[in-house]
file protein15.cif (mmCIF, C-alpha atoms)
data_protein
loop_
_atom_site.group_PDB
_atom_site.id
_atom_site.type_symbol
_atom_site.label_atom_id
_atom_site.label_comp_id
_atom_site.auth_asym_id
_atom_site.auth_seq_id
_atom_site.Cartn_x
_atom_site.Cartn_y
_atom_site.Cartn_z
ATOM 1 C CA MET A 681 -3.696 -23.017 -10.003
ATOM 2 C CA ARG A 682 -3.475 -25.322 -12.960
ATOM 3 C CA ARG A 683 -6.348 -26.826 -14.894
ATOM 4 C CA HIS A 684 -7.223 -29.854 -12.826
ATOM 5 C CA LEU A 685 -10.141 -32.095 -13.677
ATOM 6 C CA LEU A 686 -12.059 -34.285 -11.296
ATOM 7 C CA PRO A 687 -11.861 -38.035 -11.877
ATOM 8 C CA ARG A 688 -14.004 -39.087 -14.801
ATOM 9 C CA HIS A 689 -16.706 -40.749 -12.639
ATOM 10 C CA LEU A 690 -16.996 -37.748 -10.328
ATOM 11 C CA SER A 691 -16.971 -35.210 -13.145
ATOM 12 C CA HIS A 692 -19.683 -37.229 -14.949
ATOM 13 C CA ARG A 693 -21.875 -37.361 -11.848
ATOM 14 C CA LEU A 694 -21.497 -33.626 -11.376
ATOM 15 C CA ARG A 695 -22.517 -32.980 -14.959
ATOM 16 C CA LEU A 696 -25.626 -35.076 -14.466
ATOM 17 C CA ALA A 697 -26.561 -33.161 -11.354
ATOM 18 C CA LEU A 698 -25.731 -29.649 -12.551
ATOM 19 C CA PRO A 699 -26.466 -27.505 -15.587
ATOM 20 C CA ALA A 700 -23.478 -26.733 -17.778
ATOM 21 C CA ALA A 701 -23.976 -23.010 -17.393
ATOM 22 C CA ALA A 702 -24.122 -21.275 -14.036
ATOM 23 C CA LEU A 703 -27.029 -19.073 -13.005
ATOM 24 C CA ALA A 704 -26.379 -15.370 -12.571
ATOM 25 C CA ALA A 705 -24.810 -14.511 -9.234
ATOM 26 C CA ALA A 706 -27.614 -12.132 -8.359
ATOM 27 C CA THR A 707 -30.133 -14.918 -8.715
ATOM 28 C CA LEU A 708 -28.409 -16.989 -6.044
ATOM 29 C CA PHE A 709 -27.023 -14.419 -3.688
ATOM 30 C CA GLY A 710 -28.860 -11.187 -4.418
ATOM 31 C CA ALA A 711 -26.991 -8.335 -2.819
ATOM 32 C CA GLY A 712 -24.448 -10.800 -1.404
ATOM 33 C CA GLY A 713 -22.854 -11.476 -4.787
ATOM 34 C CA PRO A 714 -19.711 -9.736 -6.021
ATOM 35 C CA ALA A 715 -20.135 -6.200 -7.266
ATOM 36 C CA SER A 716 -17.628 -4.241 -9.281
ATOM 37 C CA ALA A 717 -15.543 -1.903 -7.190
ATOM 38 C CA ALA A 718 -14.978 0.408 -10.155
ATOM 39 C CA THR A 719 -17.426 2.984 -8.831
ATOM 40 C CA GLY A 720 -17.143 5.281 -5.854
ATOM 41 C CA ALA A 721 -14.923 8.181 -4.897
ATOM 42 C CA ALA A 722 -11.623 8.443 -6.731
ATOM 43 C CA PRO A 723 -8.553 7.851 -4.549
ATOM 44 C CA SER A 724 -5.892 10.499 -4.108
ATOM 45 C CA ARG A 725 -3.225 10.845 -6.788
ATOM 46 C CA SER A 726 -0.598 9.571 -4.376
ATOM 47 C CA ALA A 727 -2.582 6.378 -3.771
ATOM 48 C CA THR A 728 -3.126 5.550 -7.448
ATOM 49 C CA PRO A 729 -0.521 3.104 -8.800
ATOM 50 C CA THR A 730 1.197 3.922 -12.077
ATOM 51 C CA TYR A 731 2.012 0.253 -12.649
ATOM 52 C CA TYR A 732 0.174 -2.929 -11.750
ATOM 53 C CA LEU A 733 2.202 -6.164 -11.776
ATOM 54 C CA ALA A 734 0.227 -9.418 -11.447
ATOM 55 C CA LEU A 735 2.194 -12.484 -10.329
ATOM 56 C CA GLY A 736 1.275 -16.099 -9.688
ATOM 57 C CA ASP A 737 -0.312 -19.119 -11.268
ATOM 58 C CA SER A 738 -3.329 -19.649 -13.529
ATOM 59 C CA LEU A 739 -5.605 -17.473 -11.402
ATOM 60 C CA ALA A 740 -3.239 -14.552 -11.943
ATOM 61 C CA ALA A 741 -3.091 -15.461 -15.640
ATOM 62 C CA GLY A 742 -6.899 -15.441 -15.880
ATOM 63 C CA TYR A 743 -7.232 -19.064 -16.992
ATOM 64 C CA GLN A 744 -10.748 -20.335 -17.677
ATOM 65 C CA SER A 745 -12.042 -23.484 -19.334
ATOM 66 C CA LEU A 746 -14.779 -23.103 -21.929
ATOM 67 C CA PRO A 747 -17.950 -25.153 -22.424
ATOM 68 C CA ASP A 748 -16.604 -26.584 -25.691
ATOM 69 C CA GLY A 749 -13.534 -27.963 -23.925
ATOM 70 C CA GLY A 750 -11.129 -25.195 -24.865
ATOM 71 C CA HIS A 751 -9.730 -22.535 -22.605
ATOM 72 C CA VAL A 752 -8.728 -18.891 -22.486
ATOM 73 C CA THR A 753 -6.227 -16.868 -20.486
ATOM 74 C CA GLY A 754 -6.335 -13.171 -19.777
ATOM 75 C CA ARG A 755 -9.887 -13.124 -18.461
ATOM 76 C CA GLY A 756 -9.433 -13.149 -14.704
ATOM 77 C CA TYR A 757 -9.172 -11.116 -11.540
ATOM 78 C CA ALA A 758 -5.979 -9.316 -12.586
ATOM 79 C CA GLN A 759 -7.681 -7.966 -15.689
ATOM 80 C CA ASP A 760 -10.677 -6.886 -13.582
ATOM 81 C CA ILE A 761 -8.354 -5.055 -11.158
ATOM 82 C CA ALA A 762 -6.428 -3.449 -14.028
ATOM 83 C CA ARG A 763 -9.633 -2.192 -15.621
ATOM 84 C CA THR A 764 -10.668 -0.480 -12.383
ATOM 85 C CA LEU A 765 -7.225 0.947 -11.636
ATOM 86 C CA GLY A 766 -6.864 2.148 -15.200
ATOM 87 C CA ALA A 767 -10.159 4.009 -14.922
ATOM 88 C CA ARG A 768 -9.060 5.560 -11.616
ATOM 89 C CA ALA A 769 -5.733 6.644 -13.087
ATOM 90 C CA SER A 770 -7.446 8.149 -16.120
ATOM 91 C CA ALA A 771 -9.855 10.065 -13.904
ATOM 92 C CA SER A 772 -6.874 11.450 -11.977
ATOM 93 C CA GLY A 773 -4.972 12.335 -15.139
ATOM 94 C CA LEU A 774 -2.269 9.770 -14.386
ATOM 95 C CA PRO A 775 -0.526 7.208 -16.603
ATOM 96 C CA PHE A 776 -1.149 3.530 -15.949
ATOM 97 C CA ASP A 777 0.363 0.283 -17.208
ATOM 98 C CA PHE A 778 -0.567 -3.343 -16.467
ATOM 99 C CA VAL A 779 1.866 -6.272 -16.695
ATOM 100 C CA ASP A 780 0.699 -9.843 -16.050
ATOM 101 C CA LEU A 781 3.411 -12.469 -15.522
ATOM 102 C CA GLY A 782 1.077 -15.179 -14.161
ATOM 103 C CA CYS A 783 1.711 -18.666 -15.568
ATOM 104 C CA PRO A 784 -0.822 -21.543 -15.385
ATOM 105 C CA GLY A 785 0.619 -24.522 -13.534
ATOM 106 C CA GLU A 786 3.180 -22.449 -11.635
ATOM 107 C CA THR A 787 4.305 -23.792 -8.258
ATOM 108 C CA THR A 788 6.409 -21.908 -5.752
ATOM 109 C CA GLY A 789 9.353 -23.982 -6.975
ATOM 110 C CA THR A 790 8.904 -23.213 -10.675
ATOM 111 C CA MET A 791 8.278 -19.559 -9.885
ATOM 112 C CA ILE A 792 11.686 -19.429 -8.203
ATOM 113 C CA ASP A 793 13.694 -21.768 -10.448
ATOM 114 C CA GLY A 794 11.778 -21.783 -13.743
ATOM 115 C CA GLY A 795 9.970 -24.553 -15.565
ATOM 116 C CA CYS A 796 6.380 -23.331 -15.605
ATOM 117 C CA PRO A 797 4.640 -25.786 -17.975
ATOM 118 C CA TYR A 798 2.471 -23.197 -19.758
ATOM 119 C CA PRO A 799 3.905 -20.982 -22.511
ATOM 120 C CA HIS A 800 5.033 -17.613 -21.153
ATOM 121 C CA PRO A 801 6.771 -14.613 -22.699
ATOM 122 C CA TYR A 802 9.827 -14.431 -20.414
ATOM 123 C CA ALA A 803 12.892 -16.664 -20.602
ATOM 124 C CA ASP A 804 13.903 -16.546 -16.947
ATOM 125 C CA PRO A 805 11.795 -17.733 -13.991
ATOM 126 C CA GLN A 806 8.753 -15.627 -13.209
ATOM 127 C CA LEU A 807 10.341 -14.402 -9.988
ATOM 128 C CA SER A 808 13.420 -13.175 -11.853
ATOM 129 C CA ALA A 809 11.231 -11.340 -14.346
ATOM 130 C CA ALA A 810 9.293 -9.766 -11.468
ATOM 131 C CA VAL A 811 12.486 -8.689 -9.683
ATOM 132 C CA ASP A 812 13.792 -7.119 -12.897
ATOM 133 C CA PHE A 813 10.514 -5.237 -13.310
ATOM 134 C CA LEU A 814 10.562 -3.913 -9.755
ATOM 135 C CA ARG A 815 14.174 -2.817 -9.996
ATOM 136 C CA GLY A 816 13.411 -1.062 -13.260
ATOM 137 C CA HIS A 817 10.531 0.813 -11.626
ATOM 138 C CA HIS A 818 12.112 1.391 -8.225
ATOM 139 C CA GLY A 819 10.887 4.966 -7.908
ATOM 140 C CA ASP A 820 7.400 4.435 -9.367
ATOM 141 C CA ARG A 821 4.089 3.727 -7.684
ATOM 142 C CA VAL A 822 3.703 -0.025 -8.258
ATOM 143 C CA LEU A 823 0.994 -2.413 -7.088
ATOM 144 C CA VAL A 824 1.918 -6.114 -7.014
ATOM 145 C CA THR A 825 -0.627 -8.893 -6.494
ATOM 146 C CA LEU A 826 0.493 -12.454 -5.852
ATOM 147 C CA ASP A 827 -1.292 -15.781 -5.738
ATOM 148 C CA ILE A 828 0.883 -18.882 -5.449
ATOM 149 C CA GLY A 829 0.937 -22.165 -3.552
ATOM 150 C CA ALA A 830 -2.180 -23.960 -4.773
ATOM 151 C CA ASN A 831 -0.243 -26.151 -7.190
ATOM 152 C CA ASP A 832 2.092 -27.262 -4.404
ATOM 153 C CA VAL A 833 -0.839 -29.209 -2.916
ATOM 154 C CA ASP A 834 -3.133 -29.642 -5.915
ATOM 155 C CA GLY A 835 -1.895 -33.131 -6.728
ATOM 156 C CA CYS A 836 -2.843 -34.298 -3.237
ATOM 157 C CA LEU A 837 -6.562 -34.040 -3.971
ATOM 158 C CA THR A 838 -7.341 -36.672 -6.594
ATOM 159 C CA GLY A 839 -9.909 -39.359 -7.111
ATOM 160 C CA GLY A 840 -12.311 -37.453 -4.890
ATOM 161 C CA LYS A 841 -10.039 -38.108 -1.893
ATOM 162 C CA VAL A 842 -7.507 -36.080 0.080
ATOM 163 C CA ASP A 843 -4.023 -37.535 0.594
ATOM 164 C CA VAL A 844 -3.342 -35.903 3.974
ATOM 165 C CA PRO A 845 0.423 -36.656 4.278
ATOM 166 C CA CYS A 846 0.964 -35.412 0.728
ATOM 167 C CA ALA A 847 -1.061 -32.293 1.453
ATOM 168 C CA LEU A 848 0.823 -31.447 4.640
ATOM 169 C CA THR A 849 4.124 -31.871 2.815
ATOM 170 C CA GLY A 850 2.814 -29.590 0.069
ATOM 171 C CA VAL A 851 1.791 -26.929 2.574
ATOM 172 C CA GLY A 852 5.323 -26.903 3.977
ATOM 173 C CA THR A 853 6.768 -26.631 0.475
ATOM 174 C CA ALA A 854 4.420 -23.767 -0.361
ATOM 175 C CA ALA A 855 5.288 -21.857 2.823
ATOM 176 C CA ARG A 856 9.032 -22.202 2.278
ATOM 177 C CA GLY A 857 8.754 -21.214 -1.367
ATOM 178 C CA LEU A 858 6.526 -18.230 -0.593
ATOM 179 C CA ASP A 859 9.059 -17.079 1.987
ATOM 180 C CA VAL A 860 11.800 -17.030 -0.673
ATOM 181 C CA ILE A 861 9.516 -15.296 -3.195
ATOM 182 C CA LEU A 862 8.520 -12.534 -0.799
ATOM 183 C CA ASP A 863 12.108 -12.068 0.368
ATOM 184 C CA ARG A 864 13.211 -11.355 -3.179
ATOM 185 C CA LEU A 865 10.210 -9.211 -4.073
ATOM 186 C CA LYS A 866 10.596 -7.078 -0.966
ATOM 187 C CA GLU A 867 14.320 -6.685 -1.583
ATOM 188 C CA ALA A 868 13.650 -5.427 -5.122
ATOM 189 C CA ALA A 869 10.639 -3.274 -4.246
ATOM 190 C CA GLY A 870 10.934 0.491 -4.230
ATOM 191 C CA PRO A 871 9.582 2.866 -1.584
ATOM 192 C CA HIS A 872 6.266 3.228 -3.425
ATOM 193 C CA THR A 873 5.725 -0.461 -4.189
ATOM 194 C CA ARG A 874 2.819 -2.194 -2.475
ATOM 195 C CA ILE A 875 2.528 -6.004 -2.455
ATOM 196 C CA LEU A 876 -0.714 -7.834 -1.707
ATOM 197 C CA GLY A 877 -1.021 -11.603 -1.327
ATOM 198 C CA MET A 878 -4.179 -13.689 -1.271
ATOM 199 C CA ASN A 879 -5.471 -16.891 0.265
ATOM 200 C CA LEU A 880 -7.448 -19.495 -1.643
ATOM 201 C CA TYR A 881 -10.978 -20.755 -2.136
ATOM 202 C CA ASP A 882 -11.700 -24.491 -2.073
ATOM 203 C CA PRO A 883 -12.976 -25.843 -5.418
ATOM 204 C CA PHE A 884 -13.080 -29.411 -4.080
ATOM 205 C CA LEU A 885 -16.173 -28.520 -2.076
ATOM 206 C CA ALA A 886 -17.917 -29.711 -5.243
ATOM 207 C CA ALA A 887 -17.440 -33.275 -3.981
ATOM 208 C CA TRP A 888 -20.261 -32.522 -1.499
ATOM 209 C CA LEU A 889 -22.702 -32.989 -4.396
ATOM 210 C CA THR A 890 -21.909 -36.668 -4.925
ATOM 211 C CA ASP A 891 -22.678 -38.784 -1.854
ATOM 212 C CA SER A 892 -21.984 -39.075 1.875
ATOM 213 C CA GLN A 893 -18.357 -39.987 1.246
ATOM 214 C CA GLY A 894 -18.044 -36.957 -0.985
ATOM 215 C CA ARG A 895 -19.442 -34.763 1.763
ATOM 216 C CA ALA A 896 -16.835 -36.087 4.175
ATOM 217 C CA GLN A 897 -14.084 -35.402 1.641
ATOM 218 C CA ALA A 898 -15.443 -31.898 1.062
ATOM 219 C CA ALA A 899 -15.182 -31.200 4.777
ATOM 220 C CA LEU A 900 -11.639 -32.595 4.824
ATOM 221 C CA SER A 901 -10.693 -30.437 1.841
ATOM 222 C CA VAL A 902 -11.830 -27.326 3.722
ATOM 223 C CA ALA A 903 -9.627 -28.313 6.652
ATOM 224 C CA LEU A 904 -6.685 -28.682 4.254
ATOM 225 C CA VAL A 905 -7.339 -25.334 2.579
ATOM 226 C CA ASN A 906 -7.510 -23.713 6.018
ATOM 227 C CA VAL A 907 -4.064 -25.128 6.874
ATOM 228 C CA LEU A 908 -2.655 -23.866 3.569
ATOM 229 C CA ASN A 909 -4.305 -20.470 4.006
ATOM 230 C CA ALA A 910 -2.935 -20.185 7.540
ATOM 231 C CA ALA A 911 0.557 -20.877 6.196
ATOM 232 C CA ILE A 912 0.113 -18.289 3.432
ATOM 233 C CA GLY A 913 -1.200 -15.715 5.902
ATOM 234 C CA ALA A 914 1.606 -16.291 8.396
ATOM 235 C CA THR A 915 4.277 -16.075 5.690
ATOM 236 C CA ASP A 916 2.747 -12.921 4.225
ATOM 237 C CA ALA A 917 2.552 -11.337 7.678
ATOM 238 C CA ALA A 918 6.198 -12.144 8.399
ATOM 239 C CA HIS A 919 7.071 -10.016 5.364
ATOM 240 C CA GLY A 920 4.623 -7.211 6.128
ATOM 241 C CA VAL A 921 2.386 -8.220 3.205
ATOM 242 C CA PRO A 922 -1.428 -8.059 3.639
ATOM 243 C CA THR A 923 -3.336 -11.211 2.698
ATOM 244 C CA VAL A 924 -6.558 -10.614 0.788
ATOM 245 C CA ASP A 925 -9.262 -12.930 2.118
ATOM 246 C CA VAL A 926 -10.487 -14.681 -1.020
ATOM 247 C CA ALA A 927 -11.546 -17.696 1.070
ATOM 248 C CA GLY A 928 -13.821 -15.395 3.025
ATOM 249 C CA ALA A 929 -15.311 -13.932 -0.147
ATOM 250 C CA PHE A 930 -16.139 -17.484 -1.262
ATOM 251 C CA ALA A 931 -17.505 -18.347 2.238
ATOM 252 C CA THR A 932 -15.171 -21.353 2.233
ATOM 253 C CA ASP A 933 -15.868 -22.301 5.869
ATOM 254 C CA SER A 934 -19.646 -21.766 5.706
ATOM 255 C CA PHE A 935 -21.501 -25.067 5.490
ATOM 256 C CA LEU A 936 -24.437 -23.054 6.843
ATOM 257 C CA PRO A 937 -26.751 -21.473 5.942
ATOM 258 C CA LEU A 938 -28.321 -23.619 3.251
ATOM 259 C CA VAL A 939 -29.227 -21.614 0.171
ATOM 260 C CA PRO A 940 -31.408 -22.463 -2.839
ATOM 261 C CA TRP A 941 -29.571 -23.441 -6.008
ATOM 262 C CA ASN A 942 -30.809 -25.266 -9.094
ATOM 263 C CA GLY A 943 -33.902 -26.634 -7.370
ATOM 264 C CA ARG A 944 -32.140 -27.827 -4.227
ATOM 265 C CA ARG A 945 -30.624 -26.414 -1.066
ATOM 266 C CA LEU A 946 -26.858 -26.407 -0.701
ATOM 267 C CA PRO A 947 -24.422 -25.194 1.945
ATOM 268 C CA LEU A 948 -23.388 -21.651 1.131
ATOM 269 C CA ASN A 949 -19.745 -22.600 0.507
ATOM 270 C CA VAL A 950 -20.715 -25.387 -1.904
ATOM 271 C CA ALA A 951 -23.166 -23.147 -3.724
ATOM 272 C CA ARG A 952 -20.596 -20.401 -4.168
ATOM 273 C CA VAL A 953 -18.034 -22.800 -5.586
ATOM 274 C CA MET A 954 -20.579 -24.119 -8.052
ATOM 275 C CA GLN A 955 -21.698 -20.591 -8.901
ATOM 276 C CA TRP A 956 -18.349 -18.803 -9.039
ATOM 277 C CA THR A 957 -16.092 -21.487 -10.573
ATOM 278 C CA ASN A 958 -16.254 -23.925 -13.470
ATOM 279 C CA MET A 959 -16.563 -26.998 -11.242
ATOM 280 C CA ALA A 960 -19.843 -27.865 -12.949
ATOM 281 C CA ARG A 961 -17.585 -29.244 -15.679
ATOM 282 C CA GLY A 962 -14.794 -30.334 -13.361
ATOM 283 C CA ASP A 963 -12.518 -27.288 -13.732
ATOM 284 C CA ILE A 964 -11.275 -25.657 -10.534
ATOM 285 C CA HIS A 965 -10.803 -22.203 -12.033
ATOM 286 C CA ALA A 966 -13.084 -19.283 -11.306
ATOM 287 C CA ASP A 967 -15.588 -18.082 -13.883
ATOM 288 C CA ASP A 968 -16.186 -14.413 -14.697
ATOM 289 C CA THR A 969 -18.274 -13.948 -11.559
ATOM 290 C CA GLY A 970 -15.727 -15.634 -9.319
ATOM 291 C CA TYR A 971 -12.838 -13.681 -10.773
ATOM 292 C CA GLN A 972 -14.747 -10.453 -10.165
ATOM 293 C CA ALA A 973 -15.292 -11.528 -6.553
ATOM 294 C CA ILE A 974 -11.534 -12.023 -6.177
ATOM 295 C CA ALA A 975 -10.874 -8.656 -7.801
ATOM 296 C CA ASP A 976 -13.354 -6.947 -5.487
ATOM 297 C CA ALA A 977 -11.627 -8.483 -2.467
ATOM 298 C CA PHE A 978 -8.333 -7.014 -3.683
ATOM 299 C CA LEU A 979 -9.831 -3.652 -4.558
ATOM 300 C CA ALA A 980 -11.272 -3.325 -1.079
ATOM 301 C CA ARG A 981 -7.664 -3.388 0.219
ATOM 302 C CA ILE A 982 -6.153 -1.073 -2.415
#

call {"tool": "encode", "arguments": {"input": "protein15.cif", "output": "structure tokens"}}
result
Amino acid sequence: MRRHLLPRHLSHRLRLALPAAALAAATLFGAGGPASAATGAAPSRSATPTYYLALGDSLAAGYQSLPDGGHVTGRGYAQDIARTLGARASASGLPFDFVDLGCPGETTGTMIDGGCPYPHPYADPQLSAAVDFLRGHHGDRVLVTLDIGANDVDGCLTGGKVDVPCALTGVGTAARGLDVILDRLKEAAGPHTRILGMNLYDPFLAAWLTDSQGRAQAALSVALVNVLNAAIGATDAAHGVPTVDVAGAFATDSFLPLVPWNGRRLPLNVARVMQWTNMARGDIHADDTGYQAIADAFLARI
């Protein structure tokens, strides 16, 4: 997912309605908030990966905007997963290495053919770099996580409105591209390589906070995300790849119950987007709490 700001008027209205800093997740959700999966019984040595390869777009890269208008990378769900897996490997007396190839702004097309707009350390397309890595570690225990496809439809949600024909075209593009990506990853993967995909949360639920038209667009955006997530899930399944339910962790479909947040009551899905992402300042990317929720969803499947 690339950094994508709401239109100026919508972003301004959100800033008026919301504090710049989010409340702690425990304040809003109590026990329902994300909790680190770093604790608990250690897995068997055979289940502990020696290498963790993170692939995808800005979520994989750990992109976050900052309150002063800057941004950072390397502070996302992949780093949270790597920290937990590294601790597990250390406890088991095993080596561990983490490689993150995620590139902000990556689409399925640029992942395959190159051209990711954000600086990255590899000359070839991300997919080629990933294939080279997997071939070089064919006999090792490797975990691969992949998030891709959001940027194939991201441009269809602008001005607080959903361009449905554009979005449906983007979903088709994402599904076809993901099919190629998984074909090549599976072909290069060794016998001890495990690949996990993920579906997506819906940051555009933030439009619900504006007016009645915004609420209608928020509902439409959920329908679009569900179509995209269904395409991701079906493509993953066709390749024998589990899909981690990030949308479920963010309660993307849950307009009920209403929960208290910042002196008002919001649908659970809207509240979680405002709590777990940087949409309070118009940035679709997860914050530290949201990235940990994504990591926990992955760790529950590892």

call {"tool": "residues_around", "arguments": {"input": "protein15.cif", "residues": "segment 776-781 of chain A", "least_positions_apart": "3", "cutoff": "6 Å", "atoms": "only C-alpha atoms", "output": "PyMOL selection string"}}
result
chain A and resi 730-735+766

call {"tool": "residues_around", "arguments": {"input": "protein15.cif", "residues": "Arg874 of chain A", "least_positions_apart": "3", "cutoff": "7 Å", "atoms": "only C-alpha atoms", "output": "MDAnalysis selection string"}}
result
chainID A and resid 822:824

call {"tool": "resolve_selection", "arguments": {"input": "protein15.cif", "expression": "the PyMOL selection byres ((chain A and resi 858-865) around 8)", "output": "PDB file with C-alpha atoms, in the coordinates of the input"}}
result
ATOM      1  CA  THR A 788       6.409 -21.908  -5.752  1.00  0.00           C
ATOM      2  CA  ILE A 792      11.686 -19.429  -8.203  1.00  0.00           C
ATOM      3  CA  LEU A 807      10.341 -14.402  -9.988  1.00  0.00           C
ATOM      4  CA  ALA A 810       9.293  -9.766 -11.468  1.00  0.00           C
ATOM      5  CA  VAL A 811      12.486  -8.689  -9.683  1.00  0.00           C
ATOM      6  CA  LEU A 814      10.562  -3.913  -9.755  1.00  0.00           C
ATOM      7  CA  ILE A 828       0.883 -18.882  -5.449  1.00  0.00           C
ATOM      8  CA  GLY A 829       0.937 -22.165  -3.552  1.00  0.00           C
ATOM      9  CA  ALA A 854       4.420 -23.767  -0.361  1.00  0.00           C
ATOM     10  CA  ALA A 855       5.288 -21.857   2.823  1.00  0.00           C
ATOM     11  CA  ARG A 856       9.032 -22.202   2.278  1.00  0.00           C
ATOM     12  CA  GLY A 857       8.754 -21.214  -1.367  1.00  0.00           C
ATOM     13  CA  LYS A 866      10.596  -7.078  -0.966  1.00  0.00           C
ATOM     14  CA  GLU A 867      14.320  -6.685  -1.583  1.00  0.00           C
ATOM     15  CA  ALA A 868      13.650  -5.427  -5.122  1.00  0.00           C
ATOM     16  CA  ALA A 869      10.639  -3.274  -4.246  1.00  0.00           C
ATOM     17  CA  ILE A 912       0.113 -18.289   3.432  1.00  0.00           C
ATOM     18  CA  THR A 915       4.277 -16.075   5.690  1.00  0.00           C
ATOM     19  CA  ASP A 916       2.747 -12.921   4.225  1.00  0.00           C
ATOM     20  CA  HIS A 919       7.071 -10.016   5.364  1.00  0.00           C
TER      21      HIS A 919
END

call {"tool": "closest_residue", "arguments": {"input": "protein15.cif", "among": "A:Gly877, A:Val953, A:Leu765, A:Asp891", "to": "Ala727 of chain A", "atoms": "only C-alpha atoms"}}
result
A:Leu765

call {"tool": "residues_around", "arguments": {"input": "protein15.cif", "residues": "Glu786 of chain A", "least_positions_apart": "3", "cutoff": "8 Å", "atoms": "only C-alpha atoms", "output": "MDAnalysis selection string"}}
result
chainID A and resid 681:682 736:738 782:783 789:791 796:797 828 831

call {"tool": "closest_residue", "arguments": {"input": "protein15.cif", "among": "A:Leu746, A:Ile982, A:Gly773, A:Tyr971", "to": "Ala758 of chain A", "atoms": "all atoms listed in the file"}}
result
A:Tyr971

call {"tool": "atom_distance", "arguments": {"input": "protein15.cif", "atom1": "atom CA of Ser901 of chain A", "atom2": "atom CA of Lys841 of chain A"}}
result
8.6 Å

call {"tool": "residues_around", "arguments": {"input": "protein15.cif", "residues": "Arg763 of chain A", "least_positions_apart": "4", "cutoff": "12 Å", "atoms": "all atoms listed in the file", "output": "short mmCIF file (atom, residue, chain, number, x, y, z; two decimals) with C-alpha atoms, in the frame of the given file"}}
result
data_model
loop_
_atom_site.label_atom_id
_atom_site.label_comp_id
_atom_site.auth_asym_id
_atom_site.auth_seq_id
_atom_site.Cartn_x
_atom_site.Cartn_y
_atom_site.Cartn_z
CA SER A 716 -17.63 -4.24 -9.28
CA ALA A 717 -15.54 -1.90 -7.19
CA ALA A 718 -14.98 0.41 -10.15
CA THR A 719 -17.43 2.98 -8.83
CA TYR A 732 0.17 -2.93 -11.75
CA ARG A 755 -9.89 -13.12 -18.46
CA GLY A 756 -9.43 -13.15 -14.70
CA TYR A 757 -9.17 -11.12 -11.54
CA ALA A 758 -5.98 -9.32 -12.59
CA GLN A 759 -7.68 -7.97 -15.69
CA ALA A 767 -10.16 4.01 -14.92
CA ARG A 768 -9.06 5.56 -11.62
CA ALA A 769 -5.73 6.64 -13.09
CA SER A 770 -7.45 8.15 -16.12
CA PHE A 776 -1.15 3.53 -15.95
CA ASP A 777 0.36 0.28 -17.21
CA PHE A 778 -0.57 -3.34 -16.47
CA GLN A 972 -14.75 -10.45 -10.16
CA ALA A 975 -10.87 -8.66 -7.80
CA ASP A 976 -13.35 -6.95 -5.49
CA LEU A 979 -9.83 -3.65 -4.56
#

call {"tool": "closest_residue", "arguments": {"input": "protein15.cif", "among": "A:Pro937, A:Gly962, A:Gly870, A:Pro747", "to": "His818 of chain A", "atoms": "all atoms listed in the file"}}
result
A:Gly870

call {"tool": "axis_aligned_box", "arguments": {"input": "protein15.cif", "around": "segment 741-746 of chain A", "padding_each_side": "8 Å", "output": "lines of an AutoDock Vina configuration file"}}
result
center_x = -8.9
center_y = -19.5
center_z = -18.8
size_x = 27.7
size_y = 24.0
size_z = 22.3

call {"tool": "resolve_selection", "arguments": {"input": "protein15.cif", "expression": "the PyMOL selection byres ((chain A and resi 900) around 12)", "output": "list in words"}}
result
Leu837, Gly840, Lys841, Val842, Asp843, Val844, Ala847, Asp882, Phe884, Leu885, Ala887, Trp888, Gln893, Gly894, Arg895, Ala896, Gln897, Ala898, Ala899, Ser901, Val902, Ala903, Leu904, Val905, Asn906, Val907 and Asp933 of chain A

call {"tool": "build_atoms", "arguments": {"input": "protein15.cif", "residues": "segment 911-919 of chain A", "atoms": "N, CA and C atoms", "output": "PDB file, keeping the file's coordinate frame"}}
result
ATOM      1  N   ALA A 911      -0.865 -20.964   6.529  1.00  0.00           N
ATOM      2  CA  ALA A 911       0.557 -20.877   6.196  1.00  0.00           C
ATOM      3  C   ALA A 911       0.823 -19.678   5.291  1.00  0.00           C
ATOM      4  N   ILE A 912      -0.045 -19.453   4.312  1.00  0.00           N
ATOM      5  CA  ILE A 912       0.113 -18.289   3.432  1.00  0.00           C
ATOM      6  C   ILE A 912       0.013 -17.004   4.248  1.00  0.00           C
ATOM      7  N   GLY A 913      -1.006 -16.917   5.108  1.00  0.00           N
ATOM      8  CA  GLY A 913      -1.200 -15.715   5.902  1.00  0.00           C
ATOM      9  C   GLY A 913      -0.038 -15.434   6.838  1.00  0.00           C
ATOM     10  N   ALA A 914       0.481 -16.477   7.470  1.00  0.00           N
ATOM     11  CA  ALA A 914       1.606 -16.291   8.396  1.00  0.00           C
ATOM     12  C   ALA A 914       2.860 -15.860   7.643  1.00  0.00           C
ATOM     13  N   THR A 915       3.096 -16.442   6.471  1.00  0.00           N
ATOM     14  CA  THR A 915       4.277 -16.075   5.690  1.00  0.00           C
ATOM     15  C   THR A 915       4.152 -14.653   5.163  1.00  0.00           C
ATOM     16  N   ASP A 916       2.973 -14.304   4.656  1.00  0.00           N
ATOM     17  CA  ASP A 916       2.747 -12.921   4.225  1.00  0.00           C
ATOM     18  C   ASP A 916       3.002 -11.949   5.374  1.00  0.00           C
ATOM     19  N   ALA A 917       2.428 -12.247   6.529  1.00  0.00           N
ATOM     20  CA  ALA A 917       2.552 -11.337   7.678  1.00  0.00           C
ATOM     21  C   ALA A 917       4.007 -11.159   8.100  1.00  0.00           C
ATOM     22  N   ALA A 918       4.791 -12.227   8.022  1.00  0.00           N
ATOM     23  CA  ALA A 918       6.198 -12.144   8.399  1.00  0.00           C
ATOM     24  C   ALA A 918       6.965 -11.179   7.503  1.00  0.00           C
ATOM     25  N   HIS A 919       6.427 -10.930   6.307  1.00  0.00           N
ATOM     26  CA  HIS A 919       7.071 -10.016   5.364  1.00  0.00           C
ATOM     27  C   HIS A 919       6.342  -8.677   5.279  1.00  0.00           C
TER      28      HIS A 919
END
